[in-house]
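The structure appears below as structure tokens.
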Amino acid sequence: MRHIISVLLENEAGALSRVAGLFSARGYNIESLTVAPTDDPTLSRMTLVTIGSEEIIEQIKKQLNKLIDTVKLLDLTEGRHIEREMMLIKVRAAKEDREELKRLTEIFRAKIIDVTATSFVIELTGTSQKIDAFIQAVPEGLIVEVVRSGPIGIARGEKGLTL
Amino acid sequence: MRLSFITRGSAPFLVLDQTGRNPVAFPPFQPVLNGRPDPHACVGGRRGPCLGRRDRWRSPELELSGAEIIVQALIDEGVEYVFGYPGGAVLHTYDALFKQDKVKHILVRHEQAATHGADGYARATGRCGVALVTSGPGATNAITGIATAYMDSIPMVILSGQVPTPVIGSDAFQEVDTVGISRPCVKHNFLVRDVHDLALTIRKAFYIATSGRPGPVLVDIPKDVTDPNIKIPYHYPKEIKLRSYNPATKGHPGQIRKAVDVLLQAKRPVIYTGGGVILGEAAKALRELVDLLGYPITSTLMGLGAFPMTDPRFLGMLGMHGTYEANMAMHETDVLIAIGARFDDRVTGKIELFCPHATIIHIDVDPSSISKNVRVDVPIVGPVGNVLADMVRLIREAKAGPDQAALQEWWRQIEAWRGRQCLAYDRNSPLIKPQFAVETLYQVTGGDLYLTSDVGQHQMFAAQFYPFDEPRRWINSGGLGTMGFGLPAAMGVQLAFPEASVACISGEASILMCIQELATCKQYDLPVKIILLNNGYMGMVRQWQEFFYESRYAHSYVDALPDFVKLTESFGHVGMRVDQPGDLEGAMREAFAMKDRLVFLDIVVDPAENVYPMIEAGKGHHEMHLSPERELA
């Protein structure tokens with residue numbers, strides 16, 4: 001099953017490599033991983049998406065918790081939560097395609113953030129499925145490149161993953 | 001006089017004086033410098049204790065260089081011995097070591113031995129071992145010993161030199177990414193980039209290494225951080241708390257109660273203990289539990305000695321080369337309690353066939369050990385000592401004890417399995433049997449021995465035939481299985497206990513992996529006894545090749561062995577060779593009588609002997625092979 005896990009880490013050099021090393025050393029799957037400092041500059045928040053049986057996910061969480069740099073961990077999948085992913089997509093936008101691409105952008109509530117005579121860069125935020133759907137919807141042959149952030153997530157309600 | 005507490009610092013208390021207004025130290029402040037009273041310190045003045053800061057209790061400020069901080073921190077940690085080898089990146093540190101005599105440095109002859117030596121010291125004493133190595137090859141050589149300590153959860157701090165910070169990443173001479181290389185085999189590691197972080201980092205390293213589930217912690221220190229010309233105030237915190245690291249200190253009361261209920265209802269119980277009982281200093285609590293319940297107990301290789309092996313309730317070691325009765329009891333048990341053990345594959349055999357009838361209770365301080373390999377019914381996360389003490393209390397309070405009738409029946413069954421005498425061997429052999437050699441070692445030493453081991457057949461024979469009655473007496477590399485561990489580990493043990501008998505059981509293949517340490521033993525007069533079971537083969541490899549590769553002995557025969565007697569003598573020690581069973585006991589007595597000499601006893605043993613019983617990898621506990629003679633019986 002797919003799990004999205006948030007981890008508060010000490011913002012120390014090497015913390016990320018400890019997590020990456022753990023996943024490769026123990027043979028766990030890692031779908032995506034994003035990390036950046038939080039409002040507290042001594043803490044980083046990492047969101048990772050992984051797939052595995054319940055036993056494996058349990059071990060992944062225990063092993064992550066065991067890392068000395070891990071301050072707190074929350075499996076967002078266990079409760080109601082919100083996920084968002086961001087994509088920057090560069091598309092060929094020649095004359096005949098420009099209108100179609102603009103329409104698509106509107107339908108998905110995306111934004112065109114860079115324009116040249118022959119290309120657009122479109123920014124889109126949403127769930128991973130929505131981003132998949134947008135990529136599907138772009139007429140064939142027009143995609144130049146795709147950059148996805150990997151999902152980030154937060155639990156619904158008033159409780160927060162803080163110290 | 002009114003004395004009232006206002007706060008409690010890390011060292012003495014601060015209390016109010018008669019006026020009730022002015023804080024004074026209690027007991028009275030005595031400034032200390034280098035462990036001695038400092039006559040130059042001014043008390044109560046600017047350098048005395050001041051209120052209002054968290055570290056309100058401060059000794060007079062010492063200004064130290066990075067190198068001196070390292071040494072002073074080791075002194076403050078109460079470190080007796082540092083096992084190390086100098087090199088370019090640690091020269092400042094060695095200079096600081098040279099200028100004091102509190103911390104003794106043991107010069108090994110290879111950095112692997114520095115880590116094994118520190119490891120042996122830690123296993124025998126329960127204290128933190130310390131190793132000091134230089135950058136690059138010094139650090140990479142140390143890795144085997146670090147991984148050995150990691151797999152067996154041994155508390156150790158490794159200080160490694162690193163190239164100066166400005167050249168890190170430039171492929172400088174003797175540069176290697178030590179933090180990167182060691183990451184998968186340490187509990188944690190640090191790179192200290194600023195001398196101001198040095199003392200605190202070393203304190204953290206010791207705290208992390210020795211608390212919770214222990215393990216090695218490496219501190220990588222660039223040379224410029226130890227610069228003797230840059231001096232900063234030295235402050236070494238006594239207590240430390242890390243927000244991201246809070247090892248369990250107590251087991252969950254509800255879970256403990258549940259476990260006791262399950263235990264007391266057992267009809268065919270087995271207690272399965274591991275190295276965690278020794279690491280957690282829980283041998284006493286374990287003995288109380290067994291006394292109270294009267295249940296059969298078995299142990300992993302790492303846990304031997306936590307419970308007296310000569311006690312009739314002890315079934316012997318379990319697992320791949322465990323006894324018939326221990327493994328059969330595991331297969332038939334209805335309630336298994338695993339204490340400080342981690343369900344290693346050498347213990348479980350095929351997971352699907354592991355304890356098929358059992359409700360499993362598992363006590364471990366490390367949550368990630370629980371349900372990692374085998375799904376557990378009643379998990380208890382906590383230090384084994386505390387949890388066992390709680391269980392003992394609950395069992396005493398319980399209205400009904402164990403089901404004695406069922407227990408009697410269970411013991412009857414176990415005695416029947418025991419009757420198979422799975423460890424019997426040919427006692428009439430004209431050759432020295434390795435089992436006989438170990439039995440003779442036990443007779444000669446009367447069990448009063450610290451025995452380190454290398455890895456292979458001799459290790460298994462020692463585990464089967466030398467009954468340890470106390471913890472920390474059996475010292476071997478269980479998890480990683482590191483050949484070459486035995487001799488340097490024995491050095492660490494002998495340094496910790498100079499008066500004790502310390503022996504290293506080894507094979508002619510293993511011993512050559514760290515043979516250079518005979519020089520270290522000479523330098524520090526370490527009278528270790530080396531009991532070499534010389535069969536001319538890498539015995540365990542040969543055994544597997546015999547069983548599973550139709551006796552094709554690919555490179556398991558050591559064709560050009562040295563003359564161990566001459567070799568030993570060339571290092572300045574005593575060498576002896578025995579090849580007749582009748583001479584063995586005399587030779588051993590002679591060896592152990594030489595209290596102040598290292599004696600290398602080269603014992604020529606039967607080259608064809610195999611370790612039995614044996615469970616092939618991937619088989620269940622009930623699918624043991626006994627020795628050919630036993631199998632027929």
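Lettering and numbering for the structure tokens are positional, with chains as A, B, ... in the shown order, residues counted from 1 in each chain, and ligands counted from 1 in the shown order.
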### Message
Can you work out which residues from chain A touch chain B at a cut-off of 12 Å (counting only C-alpha atoms) and hand them back as a PyMOL selection string?
### Response
chain A and resi 7-26+42-43+54-73+162-163
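The neighbours of Phe465 in chain B here are the residues that come within 8 Å of it, using only C-alpha atoms and leaving out any residue fewer than 6 positions away in the same chain; they are Gln435, Val438 and Glu439 of chain B.
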Suppose we keep N, CA and C atoms; can you now write the selection as a PDB file, in the first residue's frame?
ATOM      1  N   GLN B 435      36.355 -30.663  20.233  1.00  0.00           N
ATOM      2  CA  GLN B 435      35.461 -30.629  21.399  1.00  0.00           C
ATOM      3  C   GLN B 435      36.225 -30.972  22.677  1.00  0.00           C
ATOM      4  N   VAL B 438      38.243 -28.055  23.931  1.00  0.00           N
ATOM      5  CA  VAL B 438      37.457 -27.051  24.657  1.00  0.00           C
ATOM      6  C   VAL B 438      37.103 -27.578  26.050  1.00  0.00           C
ATOM      7  N   GLU B 439      36.719 -28.845  26.119  1.00  0.00           N
ATOM      8  CA  GLU B 439      36.405 -29.427  27.430  1.00  0.00           C
ATOM      9  C   GLU B 439      37.612 -29.378  28.361  1.00  0.00           C
TER      10      GLU B 439
END
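Residues within 9 Å of Ile112 in chain A, counting only C-alpha atoms and excluding same-chain residues fewer than 6 positions away, are Lys102, Thr105, Phe120, Val121, Ile122, Glu123 and Leu124 of chain A.
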### Message
When DSSP is applied to the backbone of this structure, which of range 199-421 of chain B are assigned strand (DSSP E)? Write them out as a ChimeraX atom specification.
### Response
/B:216-222,231-234,269-273,297-299,314-317,335-339,359-364,378-381
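Non-sequential neighbours of Ala117 in chain A (distance at most 12 Å, separation of 5 or more positions within a chain, only C-alpha atoms) are Val91, Arg92, Ala93, Ala94, Lys95, Glu96, Asp97 and Arg98 of chain A.
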Dump of all heavy atoms for the selected residues, as a compact mmCIF listing (two decimals), in the first residue's frame:
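Result saved to part-v7.txt:
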# COMPACT_ATOMS: atom_id res chain seq x y z
N VAL A 91 6.12 23.10 -22.48
CA VAL A 91 5.46 22.52 -23.67
C VAL A 91 5.79 23.35 -24.91
O VAL A 91 6.02 24.56 -24.84
CB VAL A 91 3.92 22.47 -23.49
CG1 VAL A 91 3.53 21.39 -22.49
CG2 VAL A 91 3.38 23.83 -23.05
N ARG A 92 5.83 22.65 -26.03
CA ARG A 92 5.96 23.36 -27.31
C ARG A 92 4.65 24.06 -27.59
O ARG A 92 3.59 23.42 -27.54
CB ARG A 92 6.22 22.35 -28.44
CG ARG A 92 7.68 22.18 -28.79
CD ARG A 92 7.84 21.19 -29.93
NE ARG A 92 7.90 19.83 -29.42
CZ ARG A 92 8.99 19.28 -28.87
NH1 ARG A 92 10.11 19.98 -28.79
NH2 ARG A 92 8.96 18.04 -28.42
N ALA A 93 4.71 25.35 -27.81
CA ALA A 93 3.46 26.09 -28.03
C ALA A 93 3.57 26.89 -29.32
O ALA A 93 3.81 28.10 -29.33
CB ALA A 93 3.20 27.01 -26.84
N ALA A 94 3.48 26.18 -30.40
CA ALA A 94 3.45 26.84 -31.71
C ALA A 94 2.06 27.41 -31.90
O ALA A 94 1.14 27.10 -31.15
CB ALA A 94 3.80 25.83 -32.80
N LYS A 95 1.93 28.27 -32.91
CA LYS A 95 0.68 28.99 -33.13
C LYS A 95 -0.58 28.17 -32.92
O LYS A 95 -1.45 28.52 -32.14
CB LYS A 95 0.69 29.54 -34.57
CG LYS A 95 1.13 30.98 -34.61
CD LYS A 95 0.83 31.58 -35.97
CE LYS A 95 1.45 32.95 -36.01
NZ LYS A 95 2.38 33.15 -37.13
N GLU A 96 -0.64 27.04 -33.70
CA GLU A 96 -1.89 26.29 -33.71
C GLU A 96 -2.21 25.63 -32.36
O GLU A 96 -3.35 25.32 -32.08
CB GLU A 96 -1.87 25.23 -34.83
CG GLU A 96 -0.83 24.13 -34.68
CD GLU A 96 0.55 24.54 -35.20
OE1 GLU A 96 0.80 25.74 -35.39
OE2 GLU A 96 1.41 23.64 -35.39
N ASP A 97 -1.19 25.45 -31.46
CA ASP A 97 -1.42 24.76 -30.18
C ASP A 97 -1.65 25.72 -29.02
O ASP A 97 -2.05 25.31 -27.94
CB ASP A 97 -0.23 23.87 -29.84
CG ASP A 97 -0.05 22.75 -30.85
OD1 ASP A 97 -1.09 22.19 -31.27
OD2 ASP A 97 1.10 22.47 -31.22
N ARG A 98 -1.36 26.99 -29.24
CA ARG A 98 -1.35 27.91 -28.09
C ARG A 98 -2.72 28.00 -27.43
O ARG A 98 -2.83 27.96 -26.20
CB ARG A 98 -0.88 29.31 -28.53
CG ARG A 98 0.62 29.35 -28.80
CD ARG A 98 1.06 30.66 -29.35
NE ARG A 98 1.58 31.57 -28.30
CZ ARG A 98 2.84 31.59 -27.91
NH1 ARG A 98 3.72 30.76 -28.43
NH2 ARG A 98 3.23 32.43 -26.98
### Task
Would you list the contacts of range 485-501 of chain B as JSON, numbers by chain, taking every protein, DNA or RNA residue within 9 Å and counting only C-alpha atoms, but skipping same-chain residues closer than 2 positions in sequence?
{"B": [80, 81, 83, 108, 112, 113, 114, 115, 116, 117, 118, 119, 120, 121, 122, 123, 124, 125, 129, 145, 148, 445, 448, 449, 450, 451, 452, 453, 454, 455, 475, 476, 477, 481, 482, 483, 503, 504, 505, 506, 510, 511, 513, 514, 515, 517, 518, 520, 521, 524, 526, 527, 528, 529, 530, 592, 595]}
### Pick from B:Leu301, B:His105, B:Arg577, B:Ile70 nearest to Val192 in chain B, counting only C-alpha atoms
B:Ile70
### Query
Restricting the calculation to only C-alpha atoms, which member of A:Ser32, A:Thr47, A:Thr38, A:Gln136 is positioned closest to Ile152 in chain A?
A:Thr47
#### Entry: Shell of 9 Å around Val71 in chain B, only C-alpha atoms, local chain residues under 6 positions omitted, as a PyMOL selection string
chain B and resi 93+96-97+100+103
### Message
Env of range 291-294 of chain B: 8 Å cut, atoms = only C-alpha atoms, seq-sep filter 5 positions within chain, self excluded. Answer as a PyMOL selection string.
### Response
chain B and resi 313+392+395-396+401-402
